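**Student:** mmCIF, C-alpha atoms, saved as entry00.cif, coming up:
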data_input
loop_
_atom_site.label_atom_id
_atom_site.label_comp_id
_atom_site.auth_asym_id
_atom_site.auth_seq_id
_atom_site.Cartn_x
_atom_site.Cartn_y
_atom_site.Cartn_z
CA MET A 1 78.97 76.67 107.98
CA ALA A 2 78.39 80.40 108.43
CA ALA A 3 79.20 83.51 106.49
CA ASN A 4 82.53 85.04 105.56
CA GLY A 5 84.17 87.81 107.50
CA HIS A 6 87.47 89.10 108.76
CA PRO A 7 89.02 86.79 111.35
CA THR A 8 88.32 87.43 114.99
CA VAL A 9 90.96 86.28 117.43
CA ARG A 10 88.90 83.23 118.48
CA ARG A 11 88.31 82.19 114.88
CA ARG A 12 92.00 82.59 114.07
CA ARG A 13 92.99 80.35 116.98
CA LEU A 14 90.34 77.76 116.17
CA GLY A 15 91.34 77.71 112.51
CA ALA A 16 94.99 77.27 113.45
CA GLU A 17 94.12 74.31 115.70
CA LEU A 18 92.05 72.66 112.98
CA ARG A 19 94.85 73.15 110.46
CA LEU A 20 97.31 71.43 112.82
CA LEU A 21 94.91 68.52 113.31
CA ARG A 22 94.43 68.14 109.56
CA LYS A 23 98.17 68.06 108.94
CA ALA A 24 98.67 65.58 111.80
CA ALA A 25 96.10 63.36 110.09
CA GLY A 26 98.12 63.55 106.87
CA MET A 27 95.28 65.10 104.88
CA THR A 28 95.28 67.95 102.38
CA SER A 29 92.62 70.63 102.38
CA MET A 30 91.46 69.28 99.03
CA GLN A 31 90.92 65.81 100.52
CA VAL A 32 88.93 67.30 103.40
CA ALA A 33 86.83 69.34 101.00
CA ARG A 34 86.02 66.28 98.90
CA HIS A 35 85.03 64.29 101.98
CA LEU A 36 82.70 67.06 103.22
CA LEU A 37 81.41 67.88 99.71
CA VAL A 38 82.47 71.52 100.03
CA SER A 39 84.97 73.69 98.17
CA GLN A 40 88.64 73.77 99.09
CA SER A 41 88.40 77.55 99.52
CA LYS A 42 85.85 77.02 102.32
CA ILE A 43 88.32 74.85 104.23
CA SER A 44 91.04 77.44 103.69
CA LEU A 45 88.76 80.21 104.95
CA ILE A 46 87.98 78.22 108.09
CA GLU A 47 91.65 77.50 108.77
CA THR A 48 92.62 81.16 108.39
CA GLY A 49 89.75 82.29 110.61
CA ARG A 50 87.96 84.10 107.81
CA ARG A 51 84.90 81.88 107.99
CA SER A 52 83.08 80.89 111.15
CA ILE A 53 82.25 77.25 111.84
CA ASN A 54 79.61 75.78 114.12
CA PRO A 55 80.36 73.23 116.88
CA ARG A 56 78.75 70.36 114.97
CA ASP A 57 81.06 70.86 112.00
CA VAL A 58 84.03 71.04 114.35
CA ARG A 59 82.96 67.68 115.81
CA ASP A 60 82.72 66.18 112.32
CA LEU A 61 86.18 67.45 111.39
CA CYS A 62 87.64 65.99 114.57
CA ARG A 63 86.13 62.61 113.67
CA LEU A 64 87.58 62.88 110.18
CA TYR A 65 91.01 63.70 111.65
CA GLY A 66 90.82 60.80 114.10
CA VAL A 67 90.91 62.92 117.25
CA ALA A 68 90.31 60.44 120.07
CA ASP A 69 90.65 62.80 123.03
CA GLN A 70 87.11 63.98 123.85
CA GLU A 71 88.44 66.86 125.95
CA VAL A 72 90.19 68.25 122.88
CA VAL A 73 87.00 67.90 120.83
CA ASP A 74 84.90 69.57 123.53
CA SER A 75 87.41 72.40 123.85
CA LEU A 76 87.36 73.09 120.11
CA MET A 77 83.56 72.94 120.04
CA ARG A 78 83.39 75.51 122.85
CA MET A 79 85.82 77.68 120.93
CA ALA A 80 83.55 77.47 117.88
CA LYS A 81 80.54 78.46 119.96
CA GLU A 82 82.37 81.41 121.52
CA SER A 83 83.72 82.55 118.17
CA GLY A 84 80.15 83.21 117.01
CA ARG A 85 79.44 85.65 119.82
CA GLN A 86 79.32 89.31 118.93
CA GLY A 87 81.73 91.74 120.54
CA TRP A 88 80.56 94.40 123.00
CA TRP A 89 80.98 97.14 120.37
CA VAL A 90 78.34 95.61 118.07
CA SER A 91 75.57 96.75 120.41
CA CYS A 92 76.77 100.33 119.91
CA GLY A 93 75.51 100.36 116.31
CA ASP A 94 77.49 101.34 113.23
CA VAL A 95 80.86 101.83 114.90
CA PRO A 96 83.89 102.57 112.71
CA TYR A 97 86.84 100.17 112.86
CA GLY A 98 84.72 97.35 114.29
CA VAL A 99 86.97 94.71 112.76
CA TYR A 100 90.03 96.36 114.25
CA ILE A 101 88.43 96.58 117.70
CA GLY A 102 87.77 92.85 117.56
CA LEU A 103 91.43 92.16 116.87
CA GLU A 104 92.61 94.74 119.40
CA THR A 105 90.48 93.17 122.13
CA GLY A 106 92.33 89.87 121.83
CA ALA A 107 95.81 91.24 121.17
CA ALA A 108 98.75 90.50 123.46
CA SER A 109 100.77 93.42 122.10
CA ILE A 110 100.33 96.48 119.92
CA HIS A 111 103.14 98.50 118.37
CA THR A 112 101.80 101.64 116.74
CA TYR A 113 103.21 104.64 114.89
CA GLU A 114 101.11 107.80 114.76
CA PRO A 115 102.12 110.91 112.76
CA LEU A 116 99.02 113.05 113.32
CA VAL A 117 97.21 112.59 116.66
CA ILE A 118 97.63 110.86 120.01
CA PRO A 119 96.71 107.15 119.61
CA GLY A 120 93.15 106.41 120.73
CA LEU A 121 94.28 104.11 123.55
CA LEU A 122 96.25 106.99 125.11
CA GLN A 123 93.74 109.82 124.69
CA THR A 124 92.02 111.71 127.49
CA ARG A 125 88.25 112.09 127.34
CA ALA A 126 88.51 115.78 126.42
CA TYR A 127 91.05 115.16 123.65
CA ALA A 128 89.12 112.15 122.32
CA ALA A 129 85.88 114.16 122.28
CA VAL A 130 87.41 116.72 119.95
CA VAL A 131 88.99 114.10 117.70
CA THR A 132 85.83 112.02 117.32
CA ALA A 133 83.68 115.10 116.66
CA GLU A 134 85.93 116.94 114.22
CA THR A 135 87.78 114.34 112.14
CA VAL A 136 84.73 112.82 110.43
CA PRO A 137 82.89 115.30 108.15
CA ARG A 138 79.14 115.76 108.76
CA ILE A 139 79.02 113.39 111.73
CA THR A 140 76.00 113.85 114.00
CA ASP A 141 76.36 114.77 117.66
CA GLU A 142 74.75 111.45 118.58
CA GLN A 143 77.18 109.37 116.51
CA ALA A 144 80.13 111.39 117.81
CA ALA A 145 79.02 110.62 121.36
CA VAL A 146 78.76 106.90 120.58
CA ASN A 147 82.19 106.88 118.94
CA LEU A 148 83.65 108.64 121.97
CA GLU A 149 82.28 106.10 124.42
CA VAL A 150 83.52 103.23 122.25
CA ARG A 151 86.99 104.77 122.13
CA LEU A 152 87.11 105.20 125.90
CA ARG A 153 85.85 101.68 126.49
CA ARG A 154 88.62 100.33 124.27
CA GLN A 155 91.07 101.78 126.77
CA HIS A 156 89.85 99.40 129.50
CA ARG A 157 91.73 96.56 127.84
CA ALA A 158 94.95 98.59 127.63
CA HIS A 159 94.80 99.48 131.31
CA HIS A 160 93.42 96.22 132.69
CA PRO A 161 95.21 95.70 136.03
CA ALA A 162 95.45 91.91 135.66
CA ARG A 163 96.10 91.41 131.93
CA PRO A 164 97.00 94.58 130.05
CA PHE A 165 98.50 94.10 126.62
CA ARG A 166 101.95 95.42 125.76
CA LEU A 167 101.56 98.83 124.14
CA TRP A 168 104.42 100.60 122.37
CA ALA A 169 103.61 103.95 120.76
CA ILE A 170 105.92 106.07 118.62
CA LEU A 171 104.63 109.58 117.94
CA ASP A 172 105.88 112.08 115.42
CA GLU A 173 106.74 115.39 117.07
CA SER A 174 103.97 117.03 115.01
CA VAL A 175 101.41 115.22 117.19
CA LEU A 176 102.54 117.21 120.22
CA HIS A 177 102.34 120.57 118.46
CA ARG A 178 98.95 120.06 116.80
CA THR A 179 96.50 121.85 119.08
CA VAL A 180 93.45 119.62 119.46
CA GLY A 181 90.84 121.56 121.39
CA ASP A 182 92.41 124.35 123.44
CA HIS A 183 95.56 124.70 125.51
CA ASP A 184 93.92 123.19 128.59
CA VAL A 185 92.97 120.08 126.62
CA MET A 186 96.49 119.75 125.24
CA ARG A 187 98.18 120.29 128.57
CA GLU A 188 96.01 117.63 130.22
CA GLN A 189 96.61 115.26 127.31
CA LEU A 190 100.39 115.59 127.33
CA GLU A 191 100.56 115.18 131.11
CA HIS A 192 98.39 112.07 130.74
CA LEU A 193 100.71 110.78 128.03
CA ASN A 194 103.71 111.03 130.34
CA THR A 195 101.80 109.34 133.16
CA LEU A 196 100.86 106.40 130.95
CA GLY A 197 104.35 106.16 129.51
CA ALA A 198 105.71 105.55 133.01
CA GLN A 199 103.67 102.35 133.36
CA PRO A 200 105.64 99.11 132.87
CA HIS A 201 103.45 97.78 130.03
CA ILE A 202 103.36 101.04 128.05
CA THR A 203 106.26 102.66 126.19
CA VAL A 204 106.05 106.06 124.52
CA GLN A 205 108.70 107.45 122.20
CA VAL A 206 108.72 110.73 120.27
CA LEU A 207 110.28 110.96 116.84
CA PRO A 208 111.62 114.54 116.70
CA HIS A 209 111.64 116.66 113.58
CA THR A 210 115.43 116.56 113.70
CA ALA A 211 115.25 112.89 112.72
CA GLY A 212 114.59 114.10 109.19
CA ALA A 213 113.12 111.72 106.62
CA HIS A 214 112.20 108.32 108.05
CA PRO A 215 110.01 105.29 107.21
CA GLY A 216 107.08 106.78 109.13
CA VAL A 217 106.49 109.47 106.52
CA LEU A 218 104.44 106.85 104.66
CA GLY A 219 101.73 107.12 107.32
CA GLN A 220 100.14 105.53 110.39
CA PHE A 221 100.35 101.79 111.00
CA SER A 222 99.99 99.32 113.86
CA ILE A 223 101.36 95.83 114.43
CA LEU A 224 99.16 93.54 116.53
CA GLY A 225 100.52 90.39 118.15
CA PHE A 226 98.39 87.60 119.59
CA PRO A 227 98.86 84.88 122.22
CA ASP A 228 100.13 81.59 120.77
CA ASP A 229 100.26 83.17 117.32
CA ASP A 230 103.52 84.17 115.65
CA ALA A 231 101.81 85.60 112.59
CA GLY A 232 100.16 88.78 113.85
CA VAL A 233 98.46 91.46 111.78
CA VAL A 234 99.60 94.80 110.41
CA TYR A 235 96.81 97.36 110.40
CA LEU A 236 96.74 100.38 108.08
CA GLU A 237 93.97 102.86 108.86
CA ARG A 238 92.25 104.56 105.94
CA PHE A 239 89.26 106.92 105.80
CA THR A 240 86.87 104.75 103.79
CA SER A 241 88.37 101.29 104.28
CA ASP A 242 91.07 99.70 106.40
CA LEU A 243 93.82 97.34 105.30
CA TYR A 244 94.93 94.24 107.21
CA LEU A 245 98.18 92.53 106.25
CA GLU A 246 98.64 88.94 107.45
CA LYS A 247 101.00 87.23 104.99
CA TYR A 248 104.66 87.30 105.99
CA ILE A 249 105.74 88.91 102.75
CA ASP A 250 103.30 91.78 103.40
CA ARG A 251 103.93 92.13 107.15
CA HIS A 252 107.71 91.89 107.26
CA PRO A 253 108.46 95.37 105.81
CA SER A 254 106.33 96.96 108.54
CA HIS A 255 108.32 95.19 111.26
CA ILE A 256 111.55 96.48 109.72
CA MET A 257 110.08 99.99 109.49
CA TYR A 258 109.10 99.89 113.15
CA ASP A 259 112.60 98.78 114.17
CA HIS A 260 114.03 101.80 112.34
CA LEU A 261 111.51 104.16 113.95
CA GLN A 262 112.37 102.86 117.43
CA ALA A 263 116.06 103.44 116.73
CA GLN A 264 115.54 106.98 115.41
CA ALA A 265 113.08 108.10 118.11
CA LEU A 266 114.04 109.55 121.48
CA ASN A 267 114.36 106.95 124.22
CA PRO A 268 111.51 106.86 126.79
CA ASP A 269 113.34 109.02 129.38
CA ASP A 270 114.30 111.68 126.85
CA THR A 271 110.75 111.51 125.49
CA ARG A 272 109.30 112.41 128.90
CA HIS A 273 111.64 115.40 129.18
CA PHE A 274 110.80 116.44 125.62
CA ILE A 275 107.06 116.28 126.34
CA ASN A 276 107.51 118.24 129.59
CA ASP A 277 109.18 121.04 127.65
CA ILE A 278 106.25 121.21 125.24
CA ILE A 279 103.76 121.16 128.13
CA LYS A 280 105.24 124.50 129.27
CA VAL A 281 104.11 126.05 125.98
CA TYR A 282 100.52 125.12 126.79
#
Go ahead and express the file in the form of structure tokens.

**Tutor:**
Amino acid sequence: MAANGHPTVRRRRLGAELRLLRKAAGMTSMQVARHLLVSQSKISLIETGRRSINPRDVRDLCRLYGVADQEVVDSLMRMAKESGRQGWWVSCGDVPYGVYIGLETGAASIHTYEPLVIPGLLQTRAYAAVVTAETVPRITDEQAAVNLEVRLRRQHRAHHPARPFRLWAILDESVLHRTVGDHDVMREQLEHLNTLGAQPHITVQVLPHTAGAHPGVLGQFSILGFPDDDAGVVYLERFTSDLYLEKYIDRHPSHIMYDHLQAQALNPDDTRHFINDIIKVY
């Protein structure tokens, strides 16, 4: 059984399936651990997707759980094999937020609040180029170029014509007034924002300054939802390390916060008019 790491979407789904099979077999994780001569924590890590597992071990677990359907076994073994594959961003080198990109790639929905800049999935190339070059101190031109291309490639998933995920973005009004680049860059970016916000799978809301104090003053956060997974992940971006909240007791406050932000923000139609008025300034 392979090394530890943050759960990818495939590992999360595989772990959830194995947990269901174990419970159906009436076994505890401690009993499984004793049978396999491993620690209970290793079984827990596998079932939460935090530890990868090879197809052979999946086969052995299925035997232990009495899974008679070979198609089910084969499906889980394929899932284990696929879960070990590296994402496309790994070939780009030392890319920031690699763990997040892995989760984002498999997400069915993303609800994000951004108080400082346009979310990466909604940025134009010109706007993104300035952000990637100027927000990380002492970054080299080469690394900035790599980060830019990774950011733009992430957008392919958001705008996939056949299976785009549901994207809901709430922006503090300050985002629209912060001049990133020059006026031409900002004008193009805000026009692009309105164009994307008109698409059926993307919703954009602006939280105006007149809303006063609100839960978003605590900072940026995103809520990622996954197919066949009610749990989801709350992502908090930090400069040196990111935070991922998966337990209900940790995630639930963020869902409540987002509900309040949606209620206090301008509705999508008023948001478009609001952005159009700011575009005139640029």

**Student:** Smallest atom-to-atom distance to Tyr248 in chain A: which of A:Val234, A:Ile279, A:Leu193, A:Val175, using all atoms listed in the file?

**Tutor:**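 Closest to Tyr248 in chain A, using all atoms listed in the file: A:Val234.
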
**Student:** Ranking A:Ala68, A:Met186, A:Ala169, A:Val99 by minimum distance to Val204 in chain A and counting only C-alpha atoms, which one comes first?

**Tutor:**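 Of A:Ala68, A:Met186, A:Ala169, A:Val99, the one nearest Val204 in chain A is A:Ala169, counting only C-alpha atoms.
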
**Student:** Determine the residue membership of the PyMOL selection byres ((chain A and resi 264) around 9) for the file above and supply it as a compact mmCIF listing (two decimals) with C-alpha atoms, in the coordinates of the input.

**Tutor:**
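out_0.txt, freshly written:
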# COMPACT_ATOMS: atom_id res chain seq x y z
CA LEU A 207 110.28 110.96 116.84
CA PRO A 208 111.62 114.54 116.70
CA ALA A 211 115.25 112.89 112.72
CA HIS A 214 112.20 108.32 108.05
CA ASP A 259 112.60 98.78 114.17
CA HIS A 260 114.03 101.80 112.34
CA LEU A 261 111.51 104.16 113.95
CA GLN A 262 112.37 102.86 117.43
CA ALA A 263 116.06 103.44 116.73
CA ALA A 265 113.08 108.10 118.11
CA LEU A 266 114.04 109.55 121.48
CA ASN A 267 114.36 106.95 124.22

**Student:** Using only C-alpha atoms, which of A:Ala133, A:Ala158, A:Leu190, A:Leu176 sits nearest Val146 in chain A?

**Tutor:** A:Ala133

**Student:** Can you list, as a ChimeraX atom specification, every protein, DNA or RNA residue that comes within 12 Å of Glu71 in chain A when you count only C-alpha atoms, leaving out same-chain residues fewer than 6 positions away?

**Tutor:** /A:59,62,77-78

**Student:** Got a sec to resolve the PyMOL selection byres ((chain A and resi 148) around 12) on this structure and send the residues as a ChimeraX atom specification?

**Tutor:** /A:89,92,95-96,120-121,123-134,141-147,149-155

**Student:** Under the PyMOL selection byres ((chain A and resi 235) around 10), which residues of this model are included? Write them out as a list in words.

**Tutor:** Tyr100, Leu103, Thr112, Gln220, Phe221, Ser222, Ile223, Leu224, Gly232, Val233, Val234, Leu236, Glu237, Arg238, Asp242, Leu243, Tyr244, Leu245, Glu246, Arg251 and Ser254 of chain A

**Student:** Those same residues, written as a short mmCIF file (atom, residue, chain, number, x, y, z; two decimals), keeping the file's coordinate frame with C-alpha atoms?

**Tutor:**
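Saved as selection.cif:
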data_model
loop_
_atom_site.label_atom_id
_atom_site.label_comp_id
_atom_site.auth_asym_id
_atom_site.auth_seq_id
_atom_site.Cartn_x
_atom_site.Cartn_y
_atom_site.Cartn_z
CA TYR A 100 90.03 96.36 114.25
CA LEU A 103 91.43 92.16 116.87
CA THR A 112 101.80 101.64 116.74
CA GLN A 220 100.14 105.53 110.39
CA PHE A 221 100.35 101.79 111.00
CA SER A 222 99.99 99.32 113.86
CA ILE A 223 101.36 95.83 114.43
CA LEU A 224 99.16 93.54 116.53
CA GLY A 232 100.16 88.78 113.85
CA VAL A 233 98.46 91.46 111.78
CA VAL A 234 99.60 94.80 110.41
CA LEU A 236 96.74 100.38 108.08
CA GLU A 237 93.97 102.86 108.86
CA ARG A 238 92.25 104.56 105.94
CA ASP A 242 91.07 99.70 106.40
CA LEU A 243 93.82 97.34 105.30
CA TYR A 244 94.93 94.24 107.21
CA LEU A 245 98.18 92.53 106.25
CA GLU A 246 98.64 88.94 107.45
CA ARG A 251 103.93 92.13 107.15
CA SER A 254 106.33 96.96 108.54
#

**Student:** Could you tell me which of A:Arg63, A:Arg166, A:His111, A:His159 comes closest to Ala25 in chain A if we count all atoms listed in the file?

**Tutor:**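 Result for the nearest residue to Ala25 in chain A: A:Arg63.
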
**Student:** Would you mind reading off the distance between CA of Arg50 in chain A and CA of Met257 in chain A, one decimal, in Å?

**Tutor:**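 Between CA of Arg50 in chain A and CA of Met257 in chain A the gap is 27.3 Å.
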
**Student:** Let me make sure I understand: among A:Gly26, A:Pro268, A:Gly106, A:Gly197, which one has the smallest atom-to-atom distance to Phe226 in chain A if we use only C-alpha atoms?

**Tutor:**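 Closest candidate: A:Gly106.
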
**Student:** Which is closer to Gly66 in chain A than all the others in A:Arg22, A:Arg34, A:Arg187, A:Lys81, using only C-alpha atoms?

**Tutor:**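 For Gly66 in chain A, the nearest of the candidates is A:Arg22.
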
**Student:** Counting all atoms listed in the file, find residues at most 10 Å from (92.2, 80.8, 109.6) (file frame) and give them as a list in words.

**Tutor:** His6, Pro7, Thr8, Val9, Arg10, Arg11, Arg12, Arg13, Leu14, Gly15, Ala16, Glu17, Leu18, Arg19, Ile43, Ser44, Leu45, Ile46, Glu47, Thr48, Gly49, Arg50, Arg51 and Ser52 of chain A

**Student:** Store the residues picked out above in a file with C-alpha atoms, as a PDB file, in the coordinates of the input.

**Tutor:**
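File produced: part32.pdb:
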ATOM      1  CA  HIS A   6      87.470  89.100 108.760  1.00  0.00           C
ATOM      2  CA  PRO A   7      89.020  86.790 111.350  1.00  0.00           C
ATOM      3  CA  THR A   8      88.320  87.430 114.990  1.00  0.00           C
ATOM      4  CA  VAL A   9      90.960  86.280 117.430  1.00  0.00           C
ATOM      5  CA  ARG A  10      88.900  83.230 118.480  1.00  0.00           C
ATOM      6  CA  ARG A  11      88.310  82.190 114.880  1.00  0.00           C
ATOM      7  CA  ARG A  12      92.000  82.590 114.070  1.00  0.00           C
ATOM      8  CA  ARG A  13      92.990  80.350 116.980  1.00  0.00           C
ATOM      9  CA  LEU A  14      90.340  77.760 116.170  1.00  0.00           C
ATOM     10  CA  GLY A  15      91.340  77.710 112.510  1.00  0.00           C
ATOM     11  CA  ALA A  16      94.990  77.270 113.450  1.00  0.00           C
ATOM     12  CA  GLU A  17      94.120  74.310 115.700  1.00  0.00           C
ATOM     13  CA  LEU A  18      92.050  72.660 112.980  1.00  0.00           C
ATOM     14  CA  ARG A  19      94.850  73.150 110.460  1.00  0.00           C
ATOM     15  CA  ILE A  43      88.320  74.850 104.230  1.00  0.00           C
ATOM     16  CA  SER A  44      91.040  77.440 103.690  1.00  0.00           C
ATOM     17  CA  LEU A  45      88.760  80.210 104.950  1.00  0.00           C
ATOM     18  CA  ILE A  46      87.980  78.220 108.090  1.00  0.00           C
ATOM     19  CA  GLU A  47      91.650  77.500 108.770  1.00  0.00           C
ATOM     20  CA  THR A  48      92.620  81.160 108.390  1.00  0.00           C
ATOM     21  CA  GLY A  49      89.750  82.290 110.610  1.00  0.00           C
ATOM     22  CA  ARG A  50      87.960  84.100 107.810  1.00  0.00           C
ATOM     23  CA  ARG A  51      84.900  81.880 107.990  1.00  0.00           C
ATOM     24  CA  SER A  52      83.080  80.890 111.150  1.00  0.00           C
TER      25      SER A  52
END

**Student:** Which value, in Å to one decimal, gives the distance between CA of Leu116 in chain A and CA of His177 in chain A?

**Tutor:** 9.7 Å

**Student:** Would you mind reading off the distance between CA of Ile118 in chain A and CA of Gln189 in chain A, one decimal, in Å?

**Tutor:**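 Answer for the CA of Ile118 in chain A to CA of Gln189 in chain A separation: 8.6 Å.
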
**Student:** For range 110-119 of chain A, where the input has fewer atoms than it should, I would like all heavy atoms rebuilt and written as a compact mmCIF listing (two decimals), in the coordinates of the input.

**Tutor:**
# COMPACT_ATOMS: atom_id res chain seq x y z
N ILE A 110 100.59 95.56 121.02
CA ILE A 110 100.33 96.48 119.92
C ILE A 110 101.51 97.44 119.83
O ILE A 110 101.88 98.08 120.82
CB ILE A 110 99.04 97.28 120.11
CG1 ILE A 110 97.82 96.36 120.12
CG2 ILE A 110 98.89 98.34 119.00
CD1 ILE A 110 96.50 97.08 120.31
N HIS A 111 102.11 97.51 118.66
CA HIS A 111 103.14 98.50 118.37
C HIS A 111 102.57 99.44 117.32
O HIS A 111 102.19 99.00 116.23
CB HIS A 111 104.41 97.83 117.84
CG HIS A 111 105.14 97.01 118.85
ND1 HIS A 111 104.64 95.82 119.35
CD2 HIS A 111 106.32 97.21 119.47
CE1 HIS A 111 105.49 95.34 120.23
NE2 HIS A 111 106.51 96.15 120.34
N THR A 112 102.47 100.71 117.64
CA THR A 112 101.80 101.64 116.74
C THR A 112 102.67 102.86 116.47
O THR A 112 103.42 103.32 117.35
CB THR A 112 100.44 102.07 117.31
OG1 THR A 112 99.75 102.88 116.37
CG2 THR A 112 100.60 102.84 118.62
N TYR A 113 102.57 103.37 115.26
CA TYR A 113 103.21 104.64 114.89
C TYR A 113 102.11 105.60 114.47
O TYR A 113 101.24 105.27 113.67
CB TYR A 113 104.20 104.46 113.73
CG TYR A 113 104.63 105.80 113.16
CD1 TYR A 113 105.48 106.63 113.90
CD2 TYR A 113 104.16 106.26 111.94
CE1 TYR A 113 105.84 107.89 113.41
CE2 TYR A 113 104.54 107.49 111.44
CZ TYR A 113 105.37 108.31 112.19
OH TYR A 113 105.71 109.54 111.70
N GLU A 114 102.15 106.81 115.04
CA GLU A 114 101.11 107.80 114.76
C GLU A 114 101.75 109.14 114.40
O GLU A 114 102.45 109.74 115.22
CB GLU A 114 100.21 107.96 115.99
CG GLU A 114 99.10 108.96 115.80
CD GLU A 114 98.24 108.66 114.59
OE1 GLU A 114 97.52 107.65 114.62
OE2 GLU A 114 98.31 109.44 113.61
N PRO A 115 101.53 109.64 113.18
CA PRO A 115 102.12 110.91 112.76
C PRO A 115 101.24 112.13 112.95
O PRO A 115 101.70 113.26 112.75
CB PRO A 115 102.37 110.67 111.27
CG PRO A 115 101.22 109.80 110.86
CD PRO A 115 100.92 108.91 112.05
N LEU A 116 99.94 111.93 113.34
CA LEU A 116 99.02 113.05 113.32
C LEU A 116 98.37 113.37 114.67
O LEU A 116 98.28 114.54 115.05
CB LEU A 116 97.92 112.80 112.28
CG LEU A 116 98.41 112.66 110.83
CD1 LEU A 116 97.25 112.29 109.92
CD2 LEU A 116 99.06 113.96 110.37
N VAL A 117 97.89 112.36 115.38
CA VAL A 117 97.21 112.59 116.66
C VAL A 117 97.66 111.56 117.69
O VAL A 117 98.26 110.54 117.34
CB VAL A 117 95.67 112.52 116.52
CG1 VAL A 117 95.15 113.64 115.64
CG2 VAL A 117 95.24 111.15 116.01
N ILE A 118 97.36 111.83 118.96
CA ILE A 118 97.63 110.86 120.01
C ILE A 118 96.85 109.58 119.71
O ILE A 118 95.67 109.63 119.35
CB ILE A 118 97.19 111.42 121.38
CG1 ILE A 118 97.90 112.74 121.68
CG2 ILE A 118 97.45 110.39 122.48
CD1 ILE A 118 99.37 112.63 121.91
N PRO A 119 97.45 108.39 119.83
CA PRO A 119 96.71 107.15 119.61
C PRO A 119 95.49 107.06 120.51
O PRO A 119 95.52 107.51 121.67
CB PRO A 119 97.74 106.06 119.96
CG PRO A 119 99.06 106.72 119.75
CD PRO A 119 98.87 108.15 120.15
